file run08.cif (mmCIF, C-alpha atoms and all ligand atoms)
data_model
#
loop_
_atom_site.label_atom_id
_atom_site.label_comp_id
_atom_site.auth_asym_id
_atom_site.auth_seq_id
_atom_site.Cartn_x
_atom_site.Cartn_y
_atom_site.Cartn_z
CA MET M 21 -14.74 10.49 7.26
CA GLU M 22 -16.30 8.59 4.39
CA LYS M 23 -15.87 4.83 4.19
CA VAL M 24 -12.47 3.62 2.98
CA GLY M 25 -11.96 0.90 0.35
CA ILE M 26 -8.85 -1.18 1.10
CA PHE M 27 -7.58 -3.24 -1.85
CA PHE M 28 -4.69 -5.63 -1.22
CA GLY M 29 -2.61 -8.24 -3.05
CA SER M 30 -0.95 -10.84 -0.83
CA SER M 31 0.80 -14.17 -1.43
CA THR M 32 1.54 -15.42 2.08
CA GLY M 33 -0.91 -13.34 4.09
CA ASN M 34 1.23 -10.47 5.38
CA THR M 35 -0.34 -7.73 3.28
CA GLU M 36 -3.78 -9.22 3.96
CA ASN M 37 -3.13 -9.11 7.71
CA ILE M 38 -2.22 -5.47 7.52
CA ALA M 39 -5.36 -4.72 5.48
CA ASN M 40 -7.47 -6.15 8.29
CA GLN M 41 -5.54 -4.23 10.92
CA LEU M 42 -6.05 -1.04 8.94
CA LYS M 43 -9.76 -1.73 8.79
CA GLY M 44 -9.85 -2.01 12.59
CA LEU M 45 -7.87 1.19 13.09
CA LEU M 46 -9.85 3.22 10.57
CA GLY M 47 -13.19 2.10 11.96
CA THR M 48 -15.03 2.51 8.69
CA ALA M 49 -13.54 0.45 5.86
CA GLU M 50 -14.20 -2.45 3.52
CA VAL M 51 -11.41 -4.86 2.58
CA PHE M 52 -11.02 -6.45 -0.86
CA ASN M 53 -8.54 -9.06 -2.08
CA VAL M 54 -7.56 -8.04 -5.63
CA ALA M 55 -7.36 -11.73 -6.54
CA ASP M 56 -11.15 -11.64 -6.88
CA THR M 57 -11.94 -7.93 -7.21
CA LYS M 58 -12.12 -5.80 -10.35
CA PRO M 59 -10.32 -2.43 -10.34
CA GLU M 60 -13.68 -0.77 -11.18
CA LYS M 61 -14.72 -1.45 -7.56
CA MET M 62 -12.47 1.44 -6.56
CA ALA M 63 -14.92 3.85 -8.20
CA GLU M 64 -17.37 3.20 -5.33
CA PHE M 65 -15.05 4.82 -2.79
CA THR M 66 -13.73 8.36 -2.35
CA ASN M 67 -11.04 7.16 0.07
CA ILE M 68 -8.89 4.31 -1.23
CA ILE M 69 -5.95 2.35 0.20
CA LEU M 70 -3.91 0.08 -2.09
CA GLY M 71 -1.56 -2.46 -0.52
CA THR M 72 0.92 -4.78 -2.20
CA SER M 73 3.91 -6.90 -1.32
CA THR M 74 6.93 -7.19 -3.61
CA TRP M 75 8.02 -10.51 -5.14
CA GLY M 76 10.66 -11.80 -7.56
CA VAL M 77 13.21 -9.03 -7.70
CA GLY M 78 11.17 -5.86 -7.38
CA ASP M 79 7.96 -7.21 -8.92
CA LEU M 80 4.40 -6.49 -7.92
CA GLN M 81 2.59 -9.26 -6.04
CA ASP M 82 1.07 -11.69 -8.58
CA ASP M 83 -2.61 -10.78 -8.20
CA MET M 84 -1.78 -7.09 -8.08
CA ILE M 85 -0.17 -7.15 -11.54
CA GLU M 86 -3.48 -7.40 -13.44
CA PHE M 87 -5.33 -5.15 -10.99
CA ALA M 88 -2.65 -2.46 -11.40
CA GLU M 89 -2.96 -2.67 -15.20
CA GLY M 90 -6.67 -2.00 -14.77
CA ILE M 91 -6.12 1.23 -12.84
CA ALA M 92 -5.68 3.04 -16.17
CA GLY M 93 -9.32 2.38 -17.04
CA VAL M 94 -10.86 3.64 -13.78
CA ASP M 95 -11.87 7.26 -13.19
CA LEU M 96 -10.04 8.29 -10.02
CA LYS M 97 -10.58 12.06 -10.30
CA GLY M 98 -11.20 13.66 -6.91
CA LYS M 99 -10.34 10.51 -4.99
CA VAL M 100 -7.89 10.36 -2.10
CA VAL M 101 -5.50 7.42 -2.34
CA ALA M 102 -2.92 6.04 0.10
CA LEU M 103 -0.44 3.22 -0.55
CA TYR M 104 1.24 0.66 1.66
CA GLY M 105 3.81 -1.97 0.82
CA LEU M 106 5.28 -5.08 2.43
CA GLY M 107 8.83 -6.12 1.75
CA ASP M 108 12.08 -7.46 3.13
CA GLN M 109 14.75 -4.77 3.35
CA SER M 110 17.45 -7.17 4.52
CA GLY M 111 16.91 -9.91 1.92
CA TYR M 112 15.96 -7.55 -0.93
CA GLY M 113 17.63 -4.28 0.02
CA ASP M 114 18.00 -3.12 -3.60
CA THR M 115 14.32 -3.56 -4.45
CA TYR M 116 12.72 -2.85 -1.09
CA CYS M 117 8.96 -2.37 -1.53
CA ASP M 118 9.40 -1.66 -5.27
CA GLY M 119 5.83 -2.88 -5.83
CA MET M 120 4.49 0.11 -3.92
CA GLY M 121 6.55 2.33 -6.22
CA GLU M 122 4.96 0.68 -9.25
CA LEU M 123 1.49 1.38 -7.91
CA TYR M 124 2.48 5.00 -7.39
CA GLN M 125 3.57 5.21 -11.04
CA LYS M 126 0.22 3.83 -12.21
CA LEU M 127 -1.57 6.60 -10.31
CA GLN M 128 0.31 9.43 -11.99
CA GLY M 129 -1.94 11.64 -14.10
CA LYS M 130 -5.12 10.02 -12.76
CA GLY M 131 -6.32 13.17 -10.98
CA CYS M 132 -6.36 11.61 -7.52
CA LYS M 133 -4.65 13.04 -4.46
CA ILE M 134 -2.01 10.68 -3.06
CA VAL M 135 -1.53 10.99 0.68
CA GLY M 136 0.32 9.21 3.48
CA PHE M 137 3.98 9.64 2.52
CA VAL M 138 6.31 8.36 5.24
CA SER M 139 9.92 9.26 6.13
CA THR M 140 12.57 6.65 5.25
CA GLU M 141 14.20 7.22 8.64
CA GLY M 142 14.47 4.05 10.70
CA TYR M 143 14.62 1.73 7.67
CA ASP M 144 17.78 0.03 6.42
CA PHE M 145 17.78 -0.53 2.65
CA SER M 146 19.95 0.47 -0.34
CA ALA M 147 17.39 1.22 -3.04
CA SER M 148 13.64 1.34 -3.50
CA LYS M 149 11.37 2.45 -6.34
CA ALA M 150 8.96 3.45 -3.59
CA ALA M 151 11.30 6.08 -2.16
CA GLU M 152 11.49 9.67 -3.38
CA GLY M 153 14.29 11.51 -1.61
CA SER M 154 13.82 10.98 2.10
CA GLU M 155 10.23 9.75 1.85
CA PHE M 156 8.40 6.62 0.81
CA VAL M 157 5.36 7.26 -1.38
CA GLY M 158 3.30 5.39 1.21
CA LEU M 159 3.74 3.22 4.28
CA ALA M 160 6.57 0.69 3.94
CA LEU M 161 6.39 -2.28 6.30
CA ASP M 162 8.76 -5.18 6.91
CA GLN M 163 7.41 -8.15 8.82
CA MET M 164 10.68 -10.07 8.33
CA ASN M 165 13.07 -7.64 10.03
CA GLN M 166 11.07 -4.90 11.73
CA ASP M 167 7.77 -6.41 12.80
CA ASP M 168 8.31 -4.81 16.20
CA LYS M 169 7.87 -1.40 14.52
CA THR M 170 4.72 -2.25 12.59
CA GLU M 171 2.14 -1.33 15.22
CA GLU M 172 3.66 2.07 15.86
CA ARG M 173 4.01 2.74 12.13
CA LEU M 174 0.41 1.75 11.49
CA ASN M 175 -0.93 3.93 14.28
CA ALA M 176 0.99 6.99 13.09
CA TRP M 177 -0.04 6.41 9.47
CA VAL M 178 -3.72 5.97 10.24
CA ALA M 179 -3.72 9.13 12.37
CA GLU M 180 -2.36 10.99 9.32
CA LEU M 181 -4.85 9.37 6.94
CA LYS M 182 -7.75 10.36 9.16
CA LYS M 183 -6.69 13.98 8.64
CA GLN M 184 -6.25 13.61 4.88
CA PHE M 185 -9.19 11.45 3.86
CA ALA M 186 -12.46 13.04 2.76
C1 LIG M 201 11.04 -15.16 -3.52
C2 LIG M 201 10.79 -13.86 -2.80
C3 LIG M 201 11.07 -12.66 -3.44
C4 LIG M 201 10.90 -11.44 -2.78
N1 LIG M 201 11.27 -10.26 -3.41
C5 LIG M 201 11.19 -9.09 -2.70
C6 LIG M 201 11.67 -7.87 -3.27
O1 LIG M 201 12.14 -7.80 -4.41
N2 LIG M 201 11.56 -6.73 -2.52
C7 LIG M 201 11.05 -6.74 -1.25
O2 LIG M 201 10.98 -5.67 -0.61
N3 LIG M 201 10.58 -7.90 -0.69
C8 LIG M 201 10.66 -9.05 -1.38
N4 LIG M 201 10.21 -10.22 -0.80
C9 LIG M 201 9.63 -10.19 0.56
C10 LIG M 201 8.09 -10.19 0.57
O3 LIG M 201 7.57 -9.05 -0.05
C11 LIG M 201 7.63 -10.22 2.03
O4 LIG M 201 7.87 -11.52 2.53
C12 LIG M 201 6.18 -9.86 2.24
O5 LIG M 201 5.92 -9.74 3.62
C13 LIG M 201 5.20 -10.85 1.64
O6 LIG M 201 3.90 -10.35 1.80
P1 LIG M 201 2.61 -11.19 1.35
O7 LIG M 201 2.53 -12.40 2.21
O8 LIG M 201 1.45 -10.27 1.62
O9 LIG M 201 2.74 -11.48 -0.10
C14 LIG M 201 10.39 -11.44 -1.45
C15 LIG M 201 10.10 -12.66 -0.83
C16 LIG M 201 10.32 -13.86 -1.46
C17 LIG M 201 10.04 -15.14 -0.73
#
call {"tool": "encode", "arguments": {"input": "run08.cif", "output": "structure tokens"}}
result
Amino acid sequence: MEKVGIFFGSSTGNTENIANQLKGLLGTAEVFNVADTKPEKMAEFTNIILGTSTWGVGDLQDDMIEFAEGIAGVDLKGKVVALYGLGDQSGYGDTYCDGMGELYQKLQGKGCKIVGFVSTEGYDFSASKAAEGSEFVGLALDQMNQDDKTEERLNAWVAELKKQFA
């Protein structure tokens, strides 16, 4: 597997924590905080993971807003991209992990392959822009209400990514 570029936006450290755990599980990855990384950096990787939390009511994490705008200007043809999102399905059950859904939208028509969809089974939310039918468009995590499930979810997701990444 080629090296993975992990790009995260995080306000209180949860999404950052997960980025570092993903690095450990993948074995070969570099981690970048989008607060001080240009979207063009993604071009250096064939395998890319984008992680964001959701703030406000369904908004992208602050630093991720500008980075996500910049995705339009980066050539992602042939790349393999996976998404993860952090949210709070109990406190924000109508906008659970919406930020991840926004990232997914930005990737449409970019010519990259998006992998790592995850079943919505086992989650308890009413609405999410990151859900399509019975699947999330990436890995949804919830450190507020289901942190006991995070390790298992991460392990299963990484096993899948290792099959899908170039
Ligand atoms: C003011 C506020 C607004 C939030 N809005 C949402 C939301 O709309 N949807 C959601 O799923 N989570 C929401 N959350 C939960 C955060 O996404 C969650 O705490 C996350 O773990 C933060 O990750 P970070 O530390 O990497 O930024 C909100 C949290 C706060 C404090």
call {"tool": "closest_residue", "arguments": {"input": "run08.cif", "among": "M:Asn37, M:Ser73, M:Asn67, M:Thr48", "to": "ligand LIG 201 (chain M)", "atoms": "only C-alpha atoms and all ligand atoms"}}
result
M:Ser73
call {"tool": "closest_atom_pairs", "arguments": {"input": "run08.cif", "of": "chain M", "to": "ligand LIG 201 (chain M)", "cutoff": "8 Å", "atoms": "only C-alpha atoms and all ligand atoms", "output": "CSV"}}
result
residue,atom,partner,partner_atom,distance
M:Gly29,CA,M:LIG201,O8,6.5
M:Ser30,CA,M:LIG201,O8,3.5
M:Ser31,CA,M:LIG201,O9,3.6
M:Thr32,CA,M:LIG201,O7,3.2
M:Gly33,CA,M:LIG201,O7,4.0
M:Asn34,CA,M:LIG201,O8,3.8
M:Thr35,CA,M:LIG201,O8,3.5
M:Glu36,CA,M:LIG201,O8,5.8
M:Asn37,CA,M:LIG201,O8,7.7
M:Thr72,CA,M:LIG201,O8,6.7
M:Ser73,CA,M:LIG201,O3,4.4
M:Thr74,CA,M:LIG201,O3,4.1
M:Trp75,CA,M:LIG201,N1,3.7
M:Gly76,CA,M:LIG201,C3,4.2
M:Val77,CA,M:LIG201,O1,3.7
M:Gly78,CA,M:LIG201,O1,3.7
M:Asp79,CA,M:LIG201,O1,6.2
M:Gln81,CA,M:LIG201,O9,6.3
M:Leu106,CA,M:LIG201,O5,4.9
M:Gly107,CA,M:LIG201,O2,3.2
M:Asp108,CA,M:LIG201,N3,4.1
M:Gln109,CA,M:LIG201,O2,5.5
M:Gly111,CA,M:LIG201,C8,7.1
M:Tyr112,CA,M:LIG201,N2,4.7
M:Gly113,CA,M:LIG201,O2,6.8
M:Asp114,CA,M:LIG201,N2,7.5
M:Thr115,CA,M:LIG201,N2,4.6
M:Tyr116,CA,M:LIG201,O2,3.3
M:Cys117,CA,M:LIG201,O2,4.0
M:Asp118,CA,M:LIG201,N2,6.2
M:Gly119,CA,M:LIG201,N2,7.7
M:Leu161,CA,M:LIG201,O5,7.9
M:Asp162,CA,M:LIG201,O5,6.3
M:Gln163,CA,M:LIG201,O5,5.6
M:Met164,CA,M:LIG201,O4,6.6
call {"tool": "closest_residue", "arguments": {"input": "run08.cif", "among": "M:Phe27, M:Phe65, M:Ile134, M:Glu22", "to": "Leu46 in chain M", "atoms": "only C-alpha atoms"}}
result
M:Glu22
call {"tool": "closest_residue", "arguments": {"input": "run08.cif", "among": "M:Ser139, M:Gln128, M:Gln166, M:Gln184", "to": "Gly153 in chain M", "atoms": "only C-alpha atoms"}}
result
M:Ser139
call {"tool": "atom_distance", "arguments": {"input": "run08.cif", "atom1": "CA of Ala179 in chain M", "atom2": "CA of Gly71 in chain M"}}
result
17.5 Å
call {"tool": "atom_distance", "arguments": {"input": "run08.cif", "atom1": "CA of Asp167 in chain M", "atom2": "CA of Ile38 in chain M"}}
result
11.3 Å
call {"tool": "closest_residue", "arguments": {"input": "run08.cif", "among": "M:Val138, M:Val24, M:Ala160, M:Leu45", "to": "Val100 in chain M", "atoms": "all atoms listed in the file"}}
result
M:Val24
call {"tool": "closest_residue", "arguments": {"input": "run08.cif", "among": "M:Gly98, M:Gly93, M:Gly25, M:Gly136", "to": "Lys43 in chain M", "atoms": "only C-alpha atoms"}}
result
M:Gly25
